[in-house]
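Content type compact mmCIF, N, CA and C atoms, from the file start_1.txt:
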# COMPACT_ATOMS: atom_id res chain seq x y z
N GLN O 30 0.85 -1.18 0.00
CA GLN O 30 0.00 0.00 0.00
C GLN O 30 0.89 1.24 0.00
N LEU O 31 0.59 2.16 -0.91
CA LEU O 31 1.36 3.37 -1.05
C LEU O 31 1.09 4.28 0.16
N GLN O 32 2.17 4.70 0.84
CA GLN O 32 2.01 5.53 2.02
C GLN O 32 3.12 6.57 2.08
N LEU O 33 2.74 7.78 2.47
CA LEU O 33 3.70 8.87 2.70
C LEU O 33 3.56 9.32 4.15
N VAL O 34 4.68 9.50 4.80
CA VAL O 34 4.67 9.93 6.20
C VAL O 34 5.59 11.12 6.36
N GLU O 35 5.01 12.24 6.81
CA GLU O 35 5.81 13.44 7.06
C GLU O 35 6.29 13.46 8.51
N SER O 36 7.43 14.08 8.72
CA SER O 36 7.96 14.27 10.07
C SER O 36 8.84 15.51 10.07
N GLY O 37 9.19 15.96 11.26
CA GLY O 37 10.11 17.08 11.40
C GLY O 37 9.47 18.39 11.76
N GLY O 38 8.15 18.43 11.84
CA GLY O 38 7.49 19.66 12.22
C GLY O 38 7.70 19.97 13.70
N GLY O 39 7.25 21.15 14.10
CA GLY O 39 7.38 21.53 15.49
C GLY O 39 7.20 23.01 15.68
N LEU O 40 7.57 23.47 16.87
CA LEU O 40 7.50 24.88 17.22
C LEU O 40 8.89 25.50 17.08
N VAL O 41 8.97 26.61 16.38
CA VAL O 41 10.26 27.28 16.17
C VAL O 41 10.04 28.78 16.24
N GLN O 42 11.06 29.48 16.67
CA GLN O 42 10.98 30.94 16.73
C GLN O 42 11.17 31.56 15.36
N PRO O 43 10.63 32.74 15.15
CA PRO O 43 10.86 33.43 13.87
C PRO O 43 12.36 33.54 13.60
N GLY O 44 12.70 33.28 12.34
CA GLY O 44 14.10 33.27 11.94
C GLY O 44 14.77 31.91 12.07
N GLY O 45 14.08 30.98 12.70
CA GLY O 45 14.64 29.65 12.90
C GLY O 45 14.49 28.76 11.69
N SER O 46 14.91 27.51 11.87
CA SER O 46 14.91 26.53 10.77
C SER O 46 14.30 25.22 11.21
N LEU O 47 13.74 24.52 10.25
CA LEU O 47 13.26 23.16 10.43
C LEU O 47 13.53 22.39 9.15
N ARG O 48 13.70 21.09 9.28
CA ARG O 48 13.79 20.24 8.09
C ARG O 48 12.69 19.19 8.18
N LEU O 49 11.81 19.24 7.19
CA LEU O 49 10.74 18.26 7.10
C LEU O 49 11.20 17.09 6.24
N SER O 50 10.72 15.91 6.60
CA SER O 50 11.00 14.70 5.82
C SER O 50 9.69 14.09 5.36
N CYS O 51 9.74 13.49 4.21
CA CYS O 51 8.58 12.78 3.65
C CYS O 51 9.09 11.39 3.24
N ALA O 52 8.74 10.40 4.01
CA ALA O 52 9.21 9.04 3.76
C ALA O 52 8.12 8.23 3.09
N ALA O 53 8.49 7.53 2.04
CA ALA O 53 7.53 6.72 1.30
C ALA O 53 7.71 5.25 1.65
N SER O 54 6.60 4.55 1.70
CA SER O 54 6.65 3.11 1.88
C SER O 54 5.60 2.48 0.97
N GLY O 55 5.86 1.24 0.60
CA GLY O 55 4.91 0.55 -0.26
C GLY O 55 5.13 0.80 -1.74
N PHE O 56 6.02 1.72 -2.07
CA PHE O 56 6.34 1.99 -3.46
C PHE O 56 7.67 2.73 -3.51
N THR O 57 8.27 2.76 -4.68
CA THR O 57 9.51 3.50 -4.84
C THR O 57 9.21 4.88 -5.41
N LEU O 58 9.95 5.87 -4.92
CA LEU O 58 9.72 7.23 -5.37
C LEU O 58 10.35 7.53 -6.73
N ASP O 59 11.05 6.57 -7.29
CA ASP O 59 11.84 6.82 -8.50
C ASP O 59 11.03 7.42 -9.64
N TYR O 60 9.73 7.08 -9.72
CA TYR O 60 8.92 7.54 -10.85
C TYR O 60 7.84 8.52 -10.41
N TYR O 61 8.12 9.21 -9.31
CA TYR O 61 7.14 10.16 -8.78
C TYR O 61 7.78 11.52 -8.55
N ALA O 62 7.08 12.55 -8.99
CA ALA O 62 7.42 13.89 -8.53
C ALA O 62 6.78 14.05 -7.15
N ILE O 63 7.45 14.79 -6.28
CA ILE O 63 6.95 15.00 -4.94
C ILE O 63 6.74 16.48 -4.68
N GLY O 64 5.59 16.79 -4.16
CA GLY O 64 5.27 18.17 -3.84
C GLY O 64 5.07 18.35 -2.34
N TRP O 65 5.42 19.53 -1.89
CA TRP O 65 5.09 19.94 -0.52
C TRP O 65 4.00 21.00 -0.61
N PHE O 66 2.99 20.84 0.22
CA PHE O 66 1.88 21.77 0.28
C PHE O 66 1.70 22.19 1.74
N ARG O 67 0.94 23.25 1.96
CA ARG O 67 0.65 23.64 3.33
C ARG O 67 -0.76 24.20 3.42
N GLN O 68 -1.31 24.09 4.61
CA GLN O 68 -2.65 24.61 4.83
C GLN O 68 -2.71 25.25 6.22
N ALA O 69 -2.97 26.54 6.22
CA ALA O 69 -3.14 27.28 7.46
C ALA O 69 -4.62 27.29 7.83
N PRO O 70 -4.93 27.50 9.10
CA PRO O 70 -6.35 27.52 9.52
C PRO O 70 -7.16 28.53 8.72
N GLY O 71 -8.28 28.08 8.19
CA GLY O 71 -9.16 28.96 7.46
C GLY O 71 -8.71 29.29 6.05
N LYS O 72 -7.64 28.65 5.60
CA LYS O 72 -7.13 28.93 4.25
C LYS O 72 -7.10 27.66 3.42
N GLU O 73 -7.02 27.86 2.13
CA GLU O 73 -6.93 26.72 1.23
C GLU O 73 -5.52 26.14 1.25
N ARG O 74 -5.44 24.86 0.91
CA ARG O 74 -4.13 24.22 0.80
C ARG O 74 -3.41 24.83 -0.41
N GLU O 75 -2.16 25.19 -0.20
CA GLU O 75 -1.40 25.82 -1.27
C GLU O 75 -0.08 25.10 -1.51
N GLY O 76 0.38 25.17 -2.75
CA GLY O 76 1.64 24.54 -3.10
C GLY O 76 2.81 25.34 -2.58
N VAL O 77 3.80 24.63 -2.07
CA VAL O 77 5.01 25.25 -1.53
C VAL O 77 6.21 24.98 -2.45
N SER O 78 6.38 23.71 -2.80
CA SER O 78 7.55 23.34 -3.61
C SER O 78 7.30 22.00 -4.26
N CYS O 79 8.07 21.72 -5.29
CA CYS O 79 7.96 20.44 -5.98
C CYS O 79 9.33 20.05 -6.49
N ILE O 80 9.59 18.74 -6.51
CA ILE O 80 10.83 18.23 -7.07
C ILE O 80 10.50 17.10 -8.02
N SER O 81 11.15 17.10 -9.17
CA SER O 81 10.90 16.07 -10.17
C SER O 81 11.45 14.73 -9.71
N SER O 82 11.10 13.68 -10.42
CA SER O 82 11.51 12.33 -10.01
C SER O 82 13.02 12.17 -10.01
N SER O 83 13.69 12.83 -10.92
CA SER O 83 15.15 12.73 -10.98
C SER O 83 15.84 13.67 -10.01
N GLY O 84 15.09 14.63 -9.50
CA GLY O 84 15.67 15.67 -8.66
C GLY O 84 16.28 16.80 -9.44
N GLY O 85 16.23 16.70 -10.76
CA GLY O 85 16.88 17.70 -11.60
C GLY O 85 16.09 18.98 -11.78
N SER O 86 14.82 18.94 -11.42
CA SER O 86 13.98 20.12 -11.57
C SER O 86 13.23 20.39 -10.28
N THR O 87 13.26 21.64 -9.86
CA THR O 87 12.54 22.03 -8.64
C THR O 87 11.73 23.28 -8.91
N LYS O 88 10.67 23.42 -8.16
CA LYS O 88 9.84 24.62 -8.25
C LYS O 88 9.52 25.11 -6.83
N TYR O 89 9.39 26.42 -6.70
CA TYR O 89 9.07 27.01 -5.40
C TYR O 89 8.02 28.08 -5.56
N ALA O 90 7.15 28.17 -4.58
CA ALA O 90 6.22 29.30 -4.52
C ALA O 90 7.03 30.56 -4.21
N GLU O 91 6.54 31.68 -4.70
CA GLU O 91 7.28 32.94 -4.52
C GLU O 91 7.53 33.24 -3.04
N PHE O 92 6.57 32.87 -2.21
CA PHE O 92 6.67 33.26 -0.81
C PHE O 92 7.70 32.44 -0.03
N VAL O 93 8.32 31.41 -0.65
CA VAL O 93 9.36 30.65 0.03
C VAL O 93 10.68 30.67 -0.72
N LYS O 94 10.70 31.26 -1.88
CA LYS O 94 11.94 31.29 -2.66
C LYS O 94 13.07 31.95 -1.87
N GLY O 95 14.22 31.30 -1.90
CA GLY O 95 15.37 31.82 -1.18
C GLY O 95 15.42 31.41 0.28
N ARG O 96 14.33 30.83 0.78
CA ARG O 96 14.29 30.40 2.19
C ARG O 96 14.16 28.89 2.33
N PHE O 97 13.42 28.25 1.44
CA PHE O 97 13.17 26.81 1.50
C PHE O 97 13.95 26.11 0.39
N THR O 98 14.38 24.90 0.68
CA THR O 98 15.07 24.08 -0.31
C THR O 98 14.51 22.66 -0.26
N ILE O 99 14.08 22.19 -1.42
CA ILE O 99 13.58 20.81 -1.53
C ILE O 99 14.68 19.92 -2.08
N SER O 100 14.73 18.71 -1.58
CA SER O 100 15.72 17.75 -2.08
C SER O 100 15.16 16.35 -1.90
N ARG O 101 15.81 15.40 -2.52
CA ARG O 101 15.35 14.02 -2.40
C ARG O 101 16.52 13.06 -2.38
N ASP O 102 16.32 11.94 -1.72
CA ASP O 102 17.28 10.86 -1.67
C ASP O 102 16.51 9.60 -2.06
N ASN O 103 16.55 9.27 -3.33
CA ASN O 103 15.77 8.12 -3.79
C ASN O 103 16.23 6.81 -3.17
N ALA O 104 17.50 6.73 -2.82
CA ALA O 104 18.01 5.52 -2.17
C ALA O 104 17.33 5.30 -0.82
N LYS O 105 16.98 6.42 -0.16
CA LYS O 105 16.29 6.34 1.13
C LYS O 105 14.78 6.49 0.97
N ASN O 106 14.34 6.67 -0.29
CA ASN O 106 12.90 6.82 -0.55
C ASN O 106 12.31 7.98 0.25
N THR O 107 13.05 9.06 0.33
CA THR O 107 12.68 10.19 1.18
C THR O 107 12.91 11.52 0.47
N VAL O 108 12.01 12.43 0.70
CA VAL O 108 12.14 13.81 0.20
C VAL O 108 12.18 14.74 1.40
N TYR O 109 12.95 15.80 1.26
CA TYR O 109 13.16 16.73 2.37
C TYR O 109 12.73 18.14 1.97
N LEU O 110 12.36 18.91 2.97
CA LEU O 110 12.11 20.34 2.77
C LEU O 110 12.86 21.08 3.88
N GLN O 111 13.96 21.70 3.51
CA GLN O 111 14.71 22.50 4.46
C GLN O 111 14.11 23.89 4.49
N MET O 112 13.69 24.31 5.67
CA MET O 112 13.02 25.60 5.81
C MET O 112 13.85 26.51 6.71
N ASN O 113 14.35 27.59 6.14
CA ASN O 113 15.16 28.55 6.88
C ASN O 113 14.44 29.89 6.96
N SER O 114 14.92 30.75 7.84
CA SER O 114 14.35 32.10 7.99
C SER O 114 12.83 32.04 8.10
N LEU O 115 12.36 31.17 8.95
CA LEU O 115 10.92 30.97 9.08
C LEU O 115 10.23 32.20 9.64
N LYS O 116 9.01 32.41 9.16
CA LYS O 116 8.20 33.56 9.55
C LYS O 116 6.90 33.06 10.18
N PRO O 117 6.26 33.87 10.99
CA PRO O 117 4.98 33.44 11.57
C PRO O 117 3.95 33.04 10.51
N GLU O 118 3.99 33.66 9.36
CA GLU O 118 3.04 33.32 8.31
C GLU O 118 3.33 31.98 7.65
N ASP O 119 4.43 31.35 8.01
CA ASP O 119 4.71 29.99 7.54
C ASP O 119 4.00 28.94 8.40
N THR O 120 3.37 29.37 9.46
CA THR O 120 2.65 28.44 10.32
C THR O 120 1.52 27.76 9.56
N ALA O 121 1.54 26.43 9.56
CA ALA O 121 0.56 25.66 8.81
C ALA O 121 0.82 24.18 9.04
N ILE O 122 -0.10 23.37 8.57
CA ILE O 122 0.17 21.94 8.46
C ILE O 122 0.80 21.72 7.09
N TYR O 123 1.92 21.03 7.08
CA TYR O 123 2.64 20.77 5.84
C TYR O 123 2.42 19.32 5.41
N TYR O 124 2.07 19.17 4.15
CA TYR O 124 1.79 17.86 3.57
C TYR O 124 2.75 17.59 2.41
N CYS O 125 3.14 16.33 2.27
CA CYS O 125 3.82 15.95 1.04
C CYS O 125 2.86 15.09 0.23
N ALA O 126 3.07 15.09 -1.06
CA ALA O 126 2.20 14.36 -1.97
C ALA O 126 3.00 13.87 -3.16
N ALA O 127 2.56 12.75 -3.72
CA ALA O 127 3.28 12.12 -4.83
C ALA O 127 2.45 12.15 -6.10
N ALA O 128 3.10 12.47 -7.20
CA ALA O 128 2.46 12.47 -8.52
C ALA O 128 3.21 11.53 -9.44
N PRO O 129 2.56 10.50 -9.99
CA PRO O 129 3.25 9.58 -10.90
C PRO O 129 3.59 10.30 -12.20
N VAL O 130 4.86 10.24 -12.59
CA VAL O 130 5.29 10.94 -13.81
C VAL O 130 6.03 10.01 -14.76
N GLY O 131 6.08 8.73 -14.46
CA GLY O 131 6.72 7.78 -15.35
C GLY O 131 8.18 8.11 -15.57
N ASP O 132 8.57 8.19 -16.85
CA ASP O 132 9.96 8.45 -17.19
C ASP O 132 10.27 9.94 -17.35
N SER O 133 9.30 10.78 -17.01
CA SER O 133 9.50 12.23 -17.15
C SER O 133 10.31 12.74 -15.97
N GLY O 134 11.61 12.56 -16.04
CA GLY O 134 12.46 12.86 -14.89
C GLY O 134 12.54 14.31 -14.51
N SER O 135 12.15 15.21 -15.40
CA SER O 135 12.29 16.63 -15.11
C SER O 135 10.96 17.35 -14.99
N TYR O 136 9.89 16.60 -14.85
CA TYR O 136 8.56 17.19 -14.84
C TYR O 136 8.03 17.32 -13.41
N CYS O 137 7.47 18.50 -13.14
CA CYS O 137 6.82 18.73 -11.86
C CYS O 137 5.41 19.23 -12.14
N PRO O 138 4.38 18.49 -11.76
CA PRO O 138 3.01 18.92 -12.03
C PRO O 138 2.68 20.25 -11.37
N SER O 139 1.80 20.98 -12.01
CA SER O 139 1.44 22.29 -11.46
C SER O 139 0.09 22.27 -10.76
N ARG O 140 -0.65 21.18 -10.89
CA ARG O 140 -1.99 21.11 -10.29
C ARG O 140 -1.99 20.17 -9.09
N LYS O 141 -2.71 20.58 -8.04
CA LYS O 141 -2.86 19.71 -6.87
C LYS O 141 -3.51 18.39 -7.27
N ALA O 142 -4.42 18.46 -8.23
CA ALA O 142 -5.15 17.25 -8.63
C ALA O 142 -4.24 16.18 -9.23
N ASP O 143 -3.06 16.57 -9.69
CA ASP O 143 -2.13 15.60 -10.27
C ASP O 143 -1.43 14.77 -9.20
N PHE O 144 -1.52 15.22 -7.96
CA PHE O 144 -0.89 14.51 -6.85
C PHE O 144 -1.92 13.59 -6.21
N GLY O 145 -1.77 12.29 -6.44
CA GLY O 145 -2.81 11.35 -6.03
C GLY O 145 -2.63 10.76 -4.64
N SER O 146 -1.43 10.83 -4.10
CA SER O 146 -1.17 10.22 -2.79
C SER O 146 -0.65 11.29 -1.84
N TRP O 147 -1.25 11.33 -0.67
CA TRP O 147 -0.93 12.37 0.30
C TRP O 147 -0.57 11.78 1.65
N GLY O 148 0.31 12.47 2.36
CA GLY O 148 0.60 12.11 3.74
C GLY O 148 -0.42 12.74 4.67
N GLN O 149 -0.23 12.48 5.96
CA GLN O 149 -1.19 12.95 6.96
C GLN O 149 -0.88 14.36 7.45
N GLY O 150 0.31 14.85 7.12
CA GLY O 150 0.68 16.21 7.48
C GLY O 150 1.48 16.31 8.76
N THR O 151 2.26 17.37 8.87
CA THR O 151 3.01 17.66 10.09
C THR O 151 2.88 19.15 10.39
N GLN O 152 2.63 19.46 11.65
CA GLN O 152 2.37 20.83 12.05
C GLN O 152 3.67 21.61 12.20
N VAL O 153 3.70 22.78 11.60
CA VAL O 153 4.81 23.72 11.77
C VAL O 153 4.23 25.00 12.36
N THR O 154 4.77 25.39 13.50
CA THR O 154 4.32 26.61 14.17
C THR O 154 5.52 27.53 14.38
N VAL O 155 5.40 28.74 13.85
CA VAL O 155 6.48 29.72 13.98
C VAL O 155 5.97 30.83 14.89
N SER O 156 6.53 30.89 16.08
CA SER O 156 6.04 31.84 17.06
C SER O 156 7.11 32.11 18.10
N SER O 157 7.11 33.32 18.62
CA SER O 157 8.03 33.66 19.70
C SER O 157 7.34 33.47 21.05
Mind turning the file's structure into structure tokens?
Amino acid sequence: QLQLVESGGGLVQPGGSLRLSCAASGFTLDYYAIGWFRQAPGKEREGVSCISSSGGSTKYAEFVKGRFTISRDNAKNTVYLQMNSLKPEDTAIYYCAAAPVGDSGSYCPSRKADFGSWGQGTQVTVSS
């Protein structure tokens, strides 16, 4: 059974850092693009970042560019989101999701609907 599990969330002060992990089980990530999304209370889920199956292509939302870095280790079947210079407005539940892309090693889907498998989320709270 395809499963994604996020970890690494927590409480951090503004300006601090966290690294989120998204571990896959039941399937190999080799043919999946992985996206990170977030949802704050009362707001819609929004895309944060995406990495292609090969890791050669990444995308970031404007509001995290220069602060967040997505990476993947296919040998460990895990994708990471390094979050630096965190702001209170980054407070949200963070989800990872997988989109099957076959042999398209450099493709990152732009629609949430393309991501068919989702984790349960990890809470990130940025507060002093």
Need to verify the contact set: Asp119 of chain O, 7 Å, all atoms listed in the file, exclusion of same-chain residues closer than 2 positions in sequence. Can you return it as a list in words? Leu115, Lys116, Pro117, Ala121, Ile122, Val153, Thr154 and Val155 of chain O
For Gly64 of chain O, find every residue with an atom within 10 Å (counting only C-alpha atoms), except residues of its own chain fewer than 4 positions away, and show them as a VMD selection string. chain O and resid 51 76 to 81 87 to 89 99 108 110 124 to 128 137 to 139 141 144 147
Taking into account all atoms listed in the file, which residue in the set O:Asp59, O:Glu118, O:Asp143, O:Glu35 is nearest to Ser83 of chain O?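 Selected residue with least distance to Ser83 of chain O: O:Asp59.
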Separation of atom CA of Asp132 of chain O and atom C of Leu58 of chain O, in Å?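 Atom C of Leu58 of chain O lies 10.5 Å from atom CA of Asp132 of chain O.
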Counting only C-alpha atoms, which of O:Thr57, O:Ser86, O:Thr151, O:Asn103 gets nearest to Tyr136 of chain O?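 Of all the options, O:Ser86 lies closest to Tyr136 of chain O.
The interatomic distance for the pair atom CA of Leu33 of chain O and atom CA of Glu75 of chain O works out to 18.1 Å.
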